[in-house]
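Text of the file target36.cif, holding mmCIF, C-alpha atoms:
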data_final
#
loop_
_atom_site.label_atom_id
_atom_site.label_comp_id
_atom_site.auth_asym_id
_atom_site.auth_seq_id
_atom_site.Cartn_x
_atom_site.Cartn_y
_atom_site.Cartn_z
CA MET A 1 15.85 -16.49 11.84
CA ASN A 2 15.35 -12.75 11.52
CA THR A 3 14.46 -10.01 9.06
CA ASN A 4 16.50 -6.80 9.37
CA GLY A 5 17.38 -7.78 12.93
CA HIS A 6 13.81 -8.76 13.83
CA GLU A 7 12.24 -12.15 14.45
CA ARG A 8 10.44 -13.48 11.38
CA VAL A 9 6.77 -13.41 12.29
CA ILE A 10 5.52 -14.14 8.76
CA ASP A 11 7.72 -16.48 6.72
CA VAL A 12 6.71 -17.47 3.17
CA THR A 13 8.80 -19.76 0.97
CA ASP A 14 8.02 -20.69 -2.66
CA LEU A 15 4.29 -20.35 -1.97
CA ARG A 16 1.87 -21.63 -4.61
CA ARG A 17 -1.91 -21.74 -4.96
CA VAL A 18 -3.78 -23.57 -7.69
CA TYR A 19 -7.53 -23.44 -8.29
CA GLY A 20 -9.76 -25.96 -10.05
CA GLY A 21 -8.93 -26.30 -13.72
CA GLY A 22 -5.24 -25.83 -13.03
CA PHE A 23 -5.20 -22.02 -12.77
CA GLU A 24 -2.10 -21.05 -10.78
CA ALA A 25 -2.96 -17.83 -8.91
CA VAL A 26 0.21 -17.74 -6.80
CA ARG A 27 3.35 -18.94 -8.54
CA GLY A 28 6.15 -19.51 -6.09
CA ILE A 29 6.56 -16.34 -4.02
CA THR A 30 8.98 -15.89 -1.12
CA PHE A 31 9.07 -13.11 1.47
CA SER A 32 9.21 -12.58 5.23
CA VAL A 33 7.95 -9.95 7.66
CA GLY A 34 9.66 -9.13 10.95
CA LYS A 35 8.14 -8.40 14.33
CA GLY A 36 6.76 -4.86 14.49
CA GLU A 37 7.07 -4.37 10.73
CA LEU A 38 4.38 -3.17 8.34
CA PHE A 39 4.53 -4.98 5.01
CA ALA A 40 2.33 -3.92 2.08
CA LEU A 41 1.26 -6.37 -0.62
CA LEU A 42 0.38 -4.54 -3.84
CA GLY A 43 -0.73 -5.67 -7.26
CA THR A 44 -3.15 -5.13 -10.12
CA ASN A 45 -6.52 -6.86 -10.12
CA GLY A 46 -5.96 -10.60 -10.39
CA ALA A 47 -2.33 -10.37 -9.33
CA GLY A 48 -2.79 -12.90 -6.51
CA LYS A 49 -3.02 -10.64 -3.43
CA THR A 50 -6.21 -12.11 -1.97
CA SER A 51 -5.14 -15.66 -2.82
CA THR A 52 -1.89 -15.07 -0.96
CA VAL A 53 -3.48 -13.46 2.10
CA GLU A 54 -6.01 -16.29 2.44
CA LEU A 55 -3.13 -18.76 2.62
CA LEU A 56 -1.41 -16.66 5.29
CA GLU A 57 -4.62 -16.49 7.30
CA GLY A 58 -4.98 -20.27 7.17
CA LEU A 59 -8.21 -20.26 5.14
CA ALA A 60 -6.77 -22.72 2.61
CA ALA A 61 -3.81 -25.04 2.24
CA PRO A 62 -1.11 -24.10 -0.29
CA ALA A 63 -0.59 -26.23 -3.37
CA GLY A 64 3.14 -25.95 -2.76
CA GLY A 65 5.72 -24.16 -0.67
CA ARG A 66 5.50 -23.23 2.99
CA VAL A 67 3.85 -20.61 5.22
CA ARG A 68 4.70 -19.98 8.86
CA ILE A 69 2.90 -17.45 11.06
CA LEU A 70 4.51 -17.02 14.48
CA GLY A 71 6.37 -20.25 13.79
CA HIS A 72 3.23 -22.29 13.00
CA ASP A 73 1.48 -23.58 9.90
CA PRO A 74 -1.67 -21.39 9.85
CA TYR A 75 -3.77 -24.08 8.14
CA ARG A 76 -2.71 -27.24 9.97
CA GLU A 77 -2.06 -25.53 13.32
CA ARG A 78 -4.98 -23.12 13.17
CA ALA A 79 -5.77 -23.45 16.89
CA ALA A 80 -2.27 -22.17 17.74
CA VAL A 81 -2.38 -19.27 15.26
CA ARG A 82 -5.94 -17.96 15.23
CA PRO A 83 -6.04 -16.48 18.77
CA ARG A 84 -2.88 -14.47 18.03
CA ILE A 85 -3.93 -12.82 14.77
CA GLY A 86 -6.50 -10.21 13.74
CA VAL A 87 -8.12 -10.14 10.33
CA MET A 88 -9.91 -7.23 8.67
CA LEU A 89 -11.65 -8.47 5.53
CA GLN A 90 -12.81 -6.28 2.65
CA GLU A 91 -16.39 -6.80 3.82
CA GLY A 92 -17.51 -7.82 7.30
CA GLY A 93 -21.07 -9.01 6.67
CA PHE A 94 -22.48 -8.05 10.08
CA PRO A 95 -26.08 -8.82 11.15
CA ALA A 96 -27.91 -5.64 10.15
CA GLU A 97 -30.28 -5.50 13.12
CA LEU A 98 -27.64 -5.69 15.84
CA THR A 99 -26.28 -2.49 17.37
CA VAL A 100 -22.61 -1.64 17.23
CA ALA A 101 -22.15 -2.64 20.88
CA GLU A 102 -24.07 -5.91 20.42
CA THR A 103 -21.90 -6.80 17.43
CA ILE A 104 -18.73 -6.22 19.43
CA ARG A 105 -20.05 -8.22 22.41
CA MET A 106 -21.04 -11.11 20.15
CA TRP A 107 -17.56 -11.17 18.62
CA ALA A 108 -15.89 -10.80 22.03
CA GLY A 109 -17.66 -13.97 23.15
CA CYS A 110 -15.64 -15.89 20.57
CA THR A 111 -12.34 -14.09 21.27
CA SER A 112 -9.74 -15.00 23.88
CA GLY A 113 -8.65 -12.07 26.07
CA ALA A 114 -10.93 -9.60 24.27
CA ARG A 115 -10.65 -5.89 24.93
CA PRO A 116 -13.57 -4.22 26.73
CA VAL A 117 -16.27 -3.21 24.25
CA GLN A 118 -15.94 0.52 24.83
CA GLU A 119 -12.14 0.42 24.52
CA ALA A 120 -12.36 -1.33 21.14
CA LEU A 121 -14.88 1.21 19.85
CA GLU A 122 -12.95 4.22 21.14
CA LEU A 123 -9.85 2.97 19.31
CA VAL A 124 -11.60 3.33 15.96
CA GLY A 125 -13.67 6.42 16.69
CA LEU A 126 -17.03 4.68 17.24
CA GLY A 127 -17.31 5.36 20.96
CA ARG A 128 -20.45 7.45 20.51
CA ARG A 129 -22.17 5.04 18.14
CA THR A 130 -22.66 2.07 20.48
CA GLY A 131 -26.47 2.05 20.28
CA VAL A 132 -26.71 2.53 16.51
CA ARG A 133 -27.84 -0.46 14.45
CA VAL A 134 -25.32 -1.76 11.91
CA LYS A 135 -27.73 -1.10 9.03
CA GLN A 136 -27.72 2.60 9.95
CA LEU A 137 -23.93 2.96 9.78
CA SER A 138 -22.27 4.67 6.84
CA GLY A 139 -19.86 2.70 4.68
CA GLY A 140 -16.92 4.32 6.43
CA GLU A 141 -18.33 3.52 9.87
CA LYS A 142 -18.75 -0.13 8.89
CA ARG A 143 -15.06 -0.21 7.95
CA ARG A 144 -14.24 1.22 11.38
CA LEU A 145 -16.32 -1.56 12.93
CA ASP A 146 -14.42 -4.10 10.83
CA LEU A 147 -11.18 -2.74 12.25
CA ALA A 148 -12.49 -2.78 15.83
CA LEU A 149 -13.28 -6.48 15.52
CA ALA A 150 -9.84 -7.20 14.06
CA LEU A 151 -8.23 -5.48 17.06
CA LEU A 152 -10.50 -7.03 19.67
CA GLY A 153 -8.09 -9.80 20.69
CA ARG A 154 -4.97 -7.58 20.85
CA PRO A 155 -3.39 -9.44 17.91
CA GLU A 156 0.32 -9.98 17.49
CA VAL A 157 -0.20 -10.15 13.71
CA LEU A 158 -2.78 -7.99 11.96
CA PHE A 159 -4.00 -8.62 8.40
CA LEU A 160 -5.62 -5.54 6.83
CA ASP A 161 -7.34 -6.09 3.48
CA GLU A 162 -8.15 -2.71 1.89
CA PRO A 163 -8.71 -1.12 5.34
CA THR A 164 -9.54 2.44 4.23
CA THR A 165 -11.85 1.75 1.29
CA GLY A 166 -14.98 3.84 1.81
CA LEU A 167 -13.42 6.15 4.41
CA ASP A 168 -13.31 9.91 3.97
CA ALA A 169 -10.01 11.78 4.22
CA GLU A 170 -10.28 12.27 7.99
CA GLY A 171 -11.18 8.63 8.59
CA ARG A 172 -8.27 7.51 6.42
CA GLN A 173 -5.83 9.66 8.39
CA ASP A 174 -7.24 8.37 11.70
CA THR A 175 -6.79 4.79 10.53
CA TRP A 176 -3.23 5.45 9.41
CA ARG A 177 -2.43 6.96 12.81
CA LEU A 178 -3.87 3.93 14.62
CA VAL A 179 -2.00 1.46 12.41
CA ARG A 180 1.28 3.32 13.04
CA GLU A 181 0.66 3.20 16.80
CA LEU A 182 -0.02 -0.55 16.67
CA ARG A 183 3.15 -1.13 14.67
CA ASP A 184 5.18 0.98 17.10
CA GLN A 185 3.83 -1.16 19.95
CA GLY A 186 5.20 -4.29 18.24
CA THR A 187 2.24 -5.51 16.19
CA THR A 188 3.23 -7.00 12.84
CA VAL A 189 0.96 -5.74 10.05
CA LEU A 190 0.37 -7.11 6.57
CA LEU A 191 -1.56 -4.63 4.44
CA THR A 192 -3.16 -4.94 1.02
CA THR A 193 -4.32 -1.70 -0.57
CA HIS A 194 -5.11 -0.06 -3.89
CA TYR A 195 -4.14 3.33 -2.45
CA LEU A 196 -0.49 3.64 -3.42
CA GLU A 197 -0.03 6.71 -1.25
CA GLU A 198 -1.20 4.60 1.69
CA ALA A 199 1.50 2.01 1.04
CA GLU A 200 4.14 4.69 0.47
CA ASP A 201 3.18 6.43 3.73
CA LEU A 202 2.83 3.40 5.99
CA ALA A 203 4.92 0.50 4.74
CA ASP A 204 8.38 -0.35 6.04
CA ARG A 205 8.70 -2.72 3.07
CA LEU A 206 6.45 -3.85 0.25
CA ALA A 207 6.11 -6.34 -2.56
CA ILE A 208 4.41 -5.78 -5.91
CA LEU A 209 2.67 -8.87 -7.26
CA HIS A 210 2.00 -9.38 -10.94
CA GLU A 211 0.37 -12.52 -12.36
CA GLY A 212 1.09 -14.47 -9.19
CA ARG A 213 4.77 -13.57 -8.93
CA ILE A 214 6.70 -10.90 -7.04
CA ALA A 215 7.83 -8.36 -9.61
CA ALA A 216 9.59 -6.06 -7.11
CA THR A 217 10.21 -5.89 -3.38
CA GLY A 218 12.02 -3.63 -0.91
CA THR A 219 11.38 -0.42 0.97
CA PRO A 220 9.19 2.14 -0.83
CA ALA A 221 12.33 4.21 -1.48
CA GLU A 222 14.17 1.20 -2.94
CA VAL A 223 11.29 0.32 -5.25
CA THR A 224 10.88 3.88 -6.52
CA SER A 225 14.63 4.57 -6.84
CA ALA A 226 14.81 2.53 -10.04
CA GLN A 227 12.47 5.02 -11.71
CA PRO A 228 13.74 8.39 -12.98
CA SER A 229 12.78 11.69 -11.40
CA ARG A 230 11.18 14.31 -13.67
CA ILE A 231 11.70 18.00 -14.36
CA SER A 232 9.43 19.95 -16.67
CA PHE A 233 9.42 23.63 -17.57
CA GLU A 234 8.48 26.06 -20.30
CA LEU A 235 11.22 27.81 -22.25
CA PRO A 236 10.83 31.58 -22.72
CA GLU A 237 10.26 33.09 -26.14
CA GLY A 238 13.39 33.13 -28.26
CA TYR A 239 14.93 30.06 -26.59
CA PHE A 240 14.97 26.51 -27.88
CA PRO A 241 16.02 23.14 -26.41
CA GLY A 242 19.31 23.42 -28.24
CA ASP A 243 20.14 26.49 -26.14
CA LEU A 244 20.22 24.39 -22.97
CA PRO A 245 23.55 23.00 -21.68
CA PRO A 246 24.40 19.51 -22.98
CA LEU A 247 21.81 17.35 -21.28
CA THR A 248 24.17 14.46 -20.64
CA GLU A 249 26.35 16.81 -18.60
CA LEU A 250 23.30 17.54 -16.44
CA GLY A 251 22.73 13.83 -15.82
CA VAL A 252 19.63 13.68 -18.04
CA THR A 253 18.76 10.17 -19.24
CA GLY A 254 15.87 11.12 -21.52
CA HIS A 255 13.78 14.07 -22.60
CA GLU A 256 10.73 15.11 -24.63
CA THR A 257 9.51 18.44 -25.95
CA ALA A 258 5.97 19.61 -26.68
CA GLY A 259 5.89 23.10 -28.10
CA ARG A 260 7.83 25.24 -25.61
CA THR A 261 7.52 22.65 -22.82
CA VAL A 262 10.56 20.52 -22.04
CA ARG A 263 10.41 17.36 -19.91
CA LEU A 264 13.60 15.83 -18.56
CA ARG A 265 14.15 12.43 -16.89
CA THR A 266 17.06 11.89 -14.52
CA HIS A 267 18.33 9.58 -11.81
CA GLU A 268 20.38 12.47 -10.37
CA LEU A 269 17.67 14.96 -9.50
CA GLN A 270 19.78 17.38 -7.47
CA ARG A 271 22.56 17.51 -10.06
CA THR A 272 20.14 18.04 -12.95
CA ALA A 273 18.01 20.64 -11.17
CA THR A 274 21.06 22.55 -9.95
CA GLY A 275 22.68 22.63 -13.40
CA LEU A 276 19.45 23.76 -15.02
CA LEU A 277 18.83 26.56 -12.52
CA VAL A 278 22.44 27.78 -12.70
CA TRP A 279 22.12 27.97 -16.49
CA ALA A 280 18.83 29.90 -16.22
CA GLU A 281 20.33 32.32 -13.70
CA ARG A 282 23.36 33.00 -15.87
CA ALA A 283 21.22 33.39 -18.99
CA GLY A 284 18.85 35.70 -17.15
CA VAL A 285 15.78 33.69 -18.11
CA GLU A 286 12.74 32.50 -16.19
CA LEU A 287 11.76 28.85 -16.49
CA ARG A 288 7.99 29.09 -16.29
CA ARG A 289 5.77 26.25 -15.02
CA LEU A 290 8.83 24.68 -13.42
CA ASP A 291 7.92 21.32 -11.87
CA VAL A 292 10.54 19.15 -10.13
CA ARG A 293 9.48 15.84 -8.62
CA SER A 294 10.98 12.55 -7.51
CA ALA A 295 9.63 9.29 -8.84
CA SER A 296 6.50 8.11 -7.04
CA LEU A 297 5.42 4.63 -6.06
CA GLU A 298 2.56 5.04 -8.54
CA GLU A 299 5.02 5.51 -11.41
CA ALA A 300 7.17 2.62 -10.22
CA PHE A 301 4.12 0.38 -9.92
CA LEU A 302 2.89 1.10 -13.42
CA GLN A 303 6.33 0.71 -14.97
CA ILE A 304 6.90 -2.62 -13.21
CA ALA A 305 3.48 -3.86 -14.33
CA ARG A 306 4.15 -2.82 -17.94
CA GLU A 307 7.57 -4.49 -17.96
CA ALA A 308 6.20 -7.67 -16.41
CA SER A 309 3.30 -7.76 -18.89
CA GLY A 310 5.67 -7.17 -21.79
CA ALA A 311 7.94 -9.98 -20.65
CA SER A 312 5.01 -12.39 -20.42
CA GLY A 313 3.43 -11.19 -23.65
CA ALA A 314 0.21 -10.35 -21.82
CA PRO A 315 -1.56 -7.01 -22.25
CA VAL A 316 -1.58 -4.55 -19.38
CA ASP A 317 -5.11 -4.74 -17.95
CA ASP A 318 -7.46 -1.98 -16.93
CA GLY A 319 -6.77 -2.67 -13.27
CA GLU A 320 -3.74 -0.42 -13.49
CA ALA A 321 -5.76 2.51 -14.76
CA GLY A 322 -8.22 1.97 -11.94
CA LEU A 323 -5.43 1.86 -9.40
CA VAL A 324 -4.01 5.16 -10.66
CA ALA A 325 -7.44 6.74 -10.40
CA VAL A 326 -7.76 5.56 -6.80
CA ALA A 327 -4.29 6.87 -5.97
CA SER A 328 -5.15 10.23 -7.48
CA GLU A 329 -8.38 10.35 -5.49
CA THR A 330 -6.41 9.74 -2.31
CA MET A 331 -4.13 12.68 -3.04
CA VAL A 332 -7.10 14.96 -3.72
CA ASN A 333 -8.81 13.87 -0.50
CA LYS A 334 -5.65 14.32 1.53
CA GLY A 335 -5.21 17.82 0.17
CA ALA A 336 -8.80 18.65 0.98
CA ALA A 337 -8.29 17.53 4.57
CA LYS A 338 -5.41 19.93 5.16
#
Rewritten as structure tokens:
Amino acid sequence: MNTNGHERVIDVTDLRRVYGGGFEAVRGITFSVGKGELFALLGTNGAGKTSTVELLEGLAAPAGGRVRILGHDPYRERAAVRPRIGVMLQEGGFPAELTVAETIRMWAGCTSGARPVQEALELVGLGRRTGVRVKQLSGGEKRRLDLALALLGRPEVLFLDEPTTGLDAEGRQDTWRLVRELRDQGTTVLLTTHYLEEAEDLADRLAILHEGRIAATGTPAEVTSAQPSRISFELPEGYFPGDLPPLTELGVTGHETAGRTVRLRTHELQRTATGLLVWAERAGVELRRLDVRSASLEEAFLQIAREASGASGAPVDDGEAGLVAVASETMVNKGAAK
């Protein structure tokens, strides 16, 4: 079996997870990840991401459905799966008094075919911190150490749970570069993240979870394509929205006005922008504060979550607002790094 021409390395069918009291955290999800593919699993708080990843890692047995990692059941055939995967948890929990090198050596003693200590540390930018005690590391350096341990056994499948939380802009870019290199070398990567820009930048495909179900899946471009692009501008004095060409002829699907500011929504960005600029040129007017942008994964995520919540009758929780704030912080940090 294959995914987009690649062998299915992760294969999930109708997966379910139920906790005590009957709470169903994962409600029958199906997806697959091919060899050398990076797949991002997104969702609001409580959507079921961690519950799903724990099943894939073999930490618990599913209540229903099937998981196969490299052709094996990760829970019942753990001995066949564990040596071939790497796992980066949200928190590592290292002994505080050990040095960085001692921590790596301790872990290497439990890892088949482990990389040399220095090689593992150089990969994640900790080559000069070997003698530093874990308790003296910054939060970002601890995340780098987490990643070094996950890569120690040269995994065929790499699970990354919020890998760049706590990293500065430079550290985040370094991690992205390393993850891309691993993927290009054939490593299959499953990523969970609250940084939407991270998923948009790295993922070959993604799935958005909401209340234990997959609300949308596809490439980042496919997921965002369902959302309209936006154009906003300020009309000059003496002009009103009614002076614009018929908006339907420009491919506009919706619009709002606020004072002299006009905001247009369209699924045909080039057609709409071209028609608008041709009109402005012919009219001899300047469209001030002109802003033209395609739909973002952030917008698609929020819209999907709202629609899913509306369909279920549940309120949209504050996790979405938090996720937007994190995404915005990422963009600010990335700009600062340039």
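As for CA of Ile231 in chain A and CA of Arg293 in chain A, they are spaced 6.5 Å apart.
Using all atoms listed in the file, the contacts of Ala226 in chain A at a cut-off of 12 Å, with sequence neighbours closer than 5 positions omitted, comprise Ala216, Thr217, Gly218, Thr219, Pro220, Ala221, Thr266, His267, Glu268, Ser294, Ala295, Ser296, Leu297, Glu299, Ala300, Phe301, Gln303 and Ile304 of chain A.
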For the provided coordinates, the residues matched by the PyMOL selection byres ((chain A and resi 49-52) around 8) should be stated as a VMD selection string. chain A and resid 17 25 to 26 41 to 43 46 to 48 53 to 56 192 209
Radius query 6 Å about (-6.9, -20.6, 7.3), atoms used: only C-alpha atoms, as a PyMOL selection string: chain A and resi 57-60+74-75
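CA of Glu162 in chain A is positioned 25.5 Å from CA of Pro116 in chain A.
Minimum atom-to-atom distance to Tyr19 in chain A, evaluated using only C-alpha atoms, belongs to A:Ala61 out of A:Ala61, A:Thr261, A:Pro155, A:Thr272.
Shortest atom-to-atom contact with Gly36 in chain A among A:Leu167, A:Leu160, A:Leu190, A:Ile208: A:Leu190, counting all atoms listed in the file.
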On this structure, the PyMOL selection byres ((chain A and resi 144) around 9) would catch which residues? List them as a list of chain:residue names, sorted by chain and number. A:Leu121, A:Val124, A:Gly125, A:Leu126, A:Gly139, A:Gly140, A:Glu141, A:Lys142, A:Arg143, A:Leu145, A:Asp146, A:Leu147, A:Ala148, A:Leu149, A:Pro163, A:Thr164, A:Leu167, A:Gly171, A:Thr175
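The coordinates place CA of Arg133 in chain A at 28.8 Å from CA of Glu181 in chain A.
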Nearest candidate to Gly113 in chain A (options A:Gly93, A:Arg154, A:Arg177, A:Arg205; using all atoms listed in the file): A:Arg154
Report the residues retrieved by the PyMOL selection byres ((chain A and resi 29) around 7) from the displayed file, expressed as a VMD selection string. chain A and resid 13 to 15 27 to 28 30 to 31 213 to 214
Polymer residues at most 9 Å from Arg115 in chain A, all atoms listed in the file, same-chain spacing of 3 or more positions, as a VMD selection string: chain A and resid 108 118 to 120 151 to 154
Which residues are close to Gly131 in chain A, i.e. within 12 Å by all atoms listed in the file, leaving aside same-chain residues fewer than 5 positions away? Reply as a PDB file with C-alpha atoms, keeping the file's coordinate frame.
ATOM      1  CA  GLU A  97     -30.280  -5.500  13.120  1.00  0.00           C
ATOM      2  CA  LEU A  98     -27.640  -5.690  15.840  1.00  0.00           C
ATOM      3  CA  THR A  99     -26.280  -2.490  17.370  1.00  0.00           C
ATOM      4  CA  VAL A 100     -22.610  -1.640  17.230  1.00  0.00           C
ATOM      5  CA  ALA A 101     -22.150  -2.640  20.880  1.00  0.00           C
ATOM      6  CA  GLU A 102     -24.070  -5.910  20.420  1.00  0.00           C
ATOM      7  CA  THR A 103     -21.900  -6.800  17.430  1.00  0.00           C
ATOM      8  CA  ILE A 104     -18.730  -6.220  19.430  1.00  0.00           C
ATOM      9  CA  GLN A 118     -15.940   0.520  24.830  1.00  0.00           C
ATOM     10  CA  LEU A 121     -14.880   1.210  19.850  1.00  0.00           C
ATOM     11  CA  LEU A 126     -17.030   4.680  17.240  1.00  0.00           C
ATOM     12  CA  GLN A 136     -27.720   2.600   9.950  1.00  0.00           C
ATOM     13  CA  LEU A 137     -23.930   2.960   9.780  1.00  0.00           C
TER      14      LEU A 137
END
Counting all atoms listed in the file, the residue of A:Arg289, A:Thr248, A:Ala40, A:Gln185 that sits nearest Glu197 in chain A: A:Ala40
Near-Phe233 in chain A list (8 Å; all atoms listed in the file; drop same-chain fewer than 5 positions) as a ChimeraX atom specification: /A:261-263,287-291
Box dimensions and centre (Å, one decimal) enclosing range 150-166 of chain A, axis-aligned, 6 Å extra per side, as AutoDock Vina command-line options:
--center_x -7.3 --center_y -3.2 --center_z 11.1 --size_x 27.3 --size_y 26.0 --size_z 31.6
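Proximity ranking of A:Leu182, A:Ala203, A:Leu250, A:Ala150 relative to Thr111 in chain A places A:Ala150 first, based on all atoms listed in the file.
Closest approach to Ala114 in chain A among A:Thr193, A:Thr188, A:Val134, A:Gly86: A:Gly86, based on all atoms listed in the file.
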For range 210-232 of chain A of the block above, can you save N, CA and C atoms as a PDB file, in the first residue's frame?
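Saved to selection29.pdb:
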ATOM      1  N   HIS A 210     -10.607  18.191  15.566  1.00  0.00           N
ATOM      2  CA  HIS A 210     -11.522  18.969  16.399  1.00  0.00           C
ATOM      3  C   HIS A 210     -12.443  17.991  17.106  1.00  0.00           C
ATOM      4  N   GLU A 211     -12.415  18.030  18.441  1.00  0.00           N
ATOM      5  CA  GLU A 211     -13.247  17.150  19.270  1.00  0.00           C
ATOM      6  C   GLU A 211     -13.087  15.686  18.867  1.00  0.00           C
ATOM      7  N   GLY A 212     -11.832  15.290  18.642  1.00  0.00           N
ATOM      8  CA  GLY A 212     -11.533  13.883  18.394  1.00  0.00           C
ATOM      9  C   GLY A 212     -11.774  13.394  16.985  1.00  0.00           C
ATOM     10  N   ARG A 213     -12.150  14.293  16.087  1.00  0.00           N
ATOM     11  CA  ARG A 213     -12.385  13.903  14.694  1.00  0.00           C
ATOM     12  C   ARG A 213     -11.535  14.761  13.763  1.00  0.00           C
ATOM     13  N   ILE A 214     -11.265  14.261  12.567  1.00  0.00           N
ATOM     14  CA  ILE A 214     -10.543  15.040  11.570  1.00  0.00           C
ATOM     15  C   ILE A 214     -11.532  15.944  10.853  1.00  0.00           C
ATOM     16  N   ALA A 215     -11.344  17.245  11.026  1.00  0.00           N
ATOM     17  CA  ALA A 215     -12.237  18.223  10.413  1.00  0.00           C
ATOM     18  C   ALA A 215     -11.784  18.597   9.010  1.00  0.00           C
ATOM     19  N   ALA A 216     -10.477  18.485   8.732  1.00  0.00           N
ATOM     20  CA  ALA A 216      -9.946  18.796   7.401  1.00  0.00           C
ATOM     21  C   ALA A 216      -8.587  18.132   7.261  1.00  0.00           C
ATOM     22  N   THR A 217      -8.253  17.738   6.038  1.00  0.00           N
ATOM     23  CA  THR A 217      -6.946  17.146   5.785  1.00  0.00           C
ATOM     24  C   THR A 217      -6.544  17.426   4.342  1.00  0.00           C
ATOM     25  N   GLY A 218      -5.250  17.422   4.086  1.00  0.00           N
ATOM     26  CA  GLY A 218      -4.721  17.688   2.748  1.00  0.00           C
ATOM     27  C   GLY A 218      -3.405  18.424   2.858  1.00  0.00           C
ATOM     28  N   THR A 219      -2.903  18.924   1.750  1.00  0.00           N
ATOM     29  CA  THR A 219      -1.714  19.756   1.788  1.00  0.00           C
ATOM     30  C   THR A 219      -2.095  21.102   2.405  1.00  0.00           C
ATOM     31  N   PRO A 220      -1.130  21.869   2.917  1.00  0.00           N
ATOM     32  CA  PRO A 220      -1.480  23.197   3.435  1.00  0.00           C
ATOM     33  C   PRO A 220      -2.227  24.041   2.404  1.00  0.00           C
ATOM     34  N   ALA A 221      -1.811  23.955   1.146  1.00  0.00           N
ATOM     35  CA  ALA A 221      -2.478  24.738   0.096  1.00  0.00           C
ATOM     36  C   ALA A 221      -3.916  24.278  -0.101  1.00  0.00           C
ATOM     37  N   GLU A 222      -4.156  22.960  -0.040  1.00  0.00           N
ATOM     38  CA  GLU A 222      -5.513  22.446  -0.218  1.00  0.00           C
ATOM     39  C   GLU A 222      -6.419  22.871   0.938  1.00  0.00           C
ATOM     40  N   VAL A 223      -5.892  22.858   2.147  1.00  0.00           N
ATOM     41  CA  VAL A 223      -6.702  23.231   3.307  1.00  0.00           C
ATOM     42  C   VAL A 223      -7.036  24.719   3.281  1.00  0.00           C
ATOM     43  N   THR A 224      -6.074  25.545   2.878  1.00  0.00           N
ATOM     44  CA  THR A 224      -6.328  26.991   2.867  1.00  0.00           C
ATOM     45  C   THR A 224      -7.130  27.433   1.643  1.00  0.00           C
ATOM     46  N   SER A 225      -7.119  26.644   0.572  1.00  0.00           N
ATOM     47  CA  SER A 225      -7.777  27.077  -0.668  1.00  0.00           C
ATOM     48  C   SER A 225      -9.283  27.251  -0.504  1.00  0.00           C
ATOM     49  N   ALA A 226      -9.870  26.580   0.466  1.00  0.00           N
ATOM     50  CA  ALA A 226     -11.312  26.708   0.680  1.00  0.00           C
ATOM     51  C   ALA A 226     -11.683  28.056   1.298  1.00  0.00           C
ATOM     52  N   GLN A 227     -10.682  28.759   1.830  1.00  0.00           N
ATOM     53  CA  GLN A 227     -10.938  30.050   2.458  1.00  0.00           C
ATOM     54  C   GLN A 227     -10.682  31.184   1.462  1.00  0.00           C
ATOM     55  N   PRO A 228     -11.461  32.257   1.519  1.00  0.00           N
ATOM     56  CA  PRO A 228     -11.274  33.350   0.558  1.00  0.00           C
ATOM     57  C   PRO A 228     -10.024  34.176   0.849  1.00  0.00           C
ATOM     58  N   SER A 229      -9.424  34.696  -0.211  1.00  0.00           N
ATOM     59  CA  SER A 229      -8.369  35.693  -0.061  1.00  0.00           C
ATOM     60  C   SER A 229      -9.020  37.035   0.275  1.00  0.00           C
ATOM     61  N   ARG A 230      -8.185  38.007   0.710  1.00  0.00           N
ATOM     62  CA  ARG A 230      -8.737  39.288   1.149  1.00  0.00           C
ATOM     63  C   ARG A 230      -7.998  40.454   0.507  1.00  0.00           C
ATOM     64  N   ILE A 231      -8.747  41.470   0.167  1.00  0.00           N
ATOM     65  CA  ILE A 231      -8.186  42.736  -0.321  1.00  0.00           C
ATOM     66  C   ILE A 231      -8.837  43.859   0.473  1.00  0.00           C
ATOM     67  N   SER A 232      -8.014  44.724   1.033  1.00  0.00           N
ATOM     68  CA  SER A 232      -8.574  45.879   1.726  1.00  0.00           C
ATOM     69  C   SER A 232      -7.860  47.136   1.244  1.00  0.00           C
TER      70      SER A 232
END
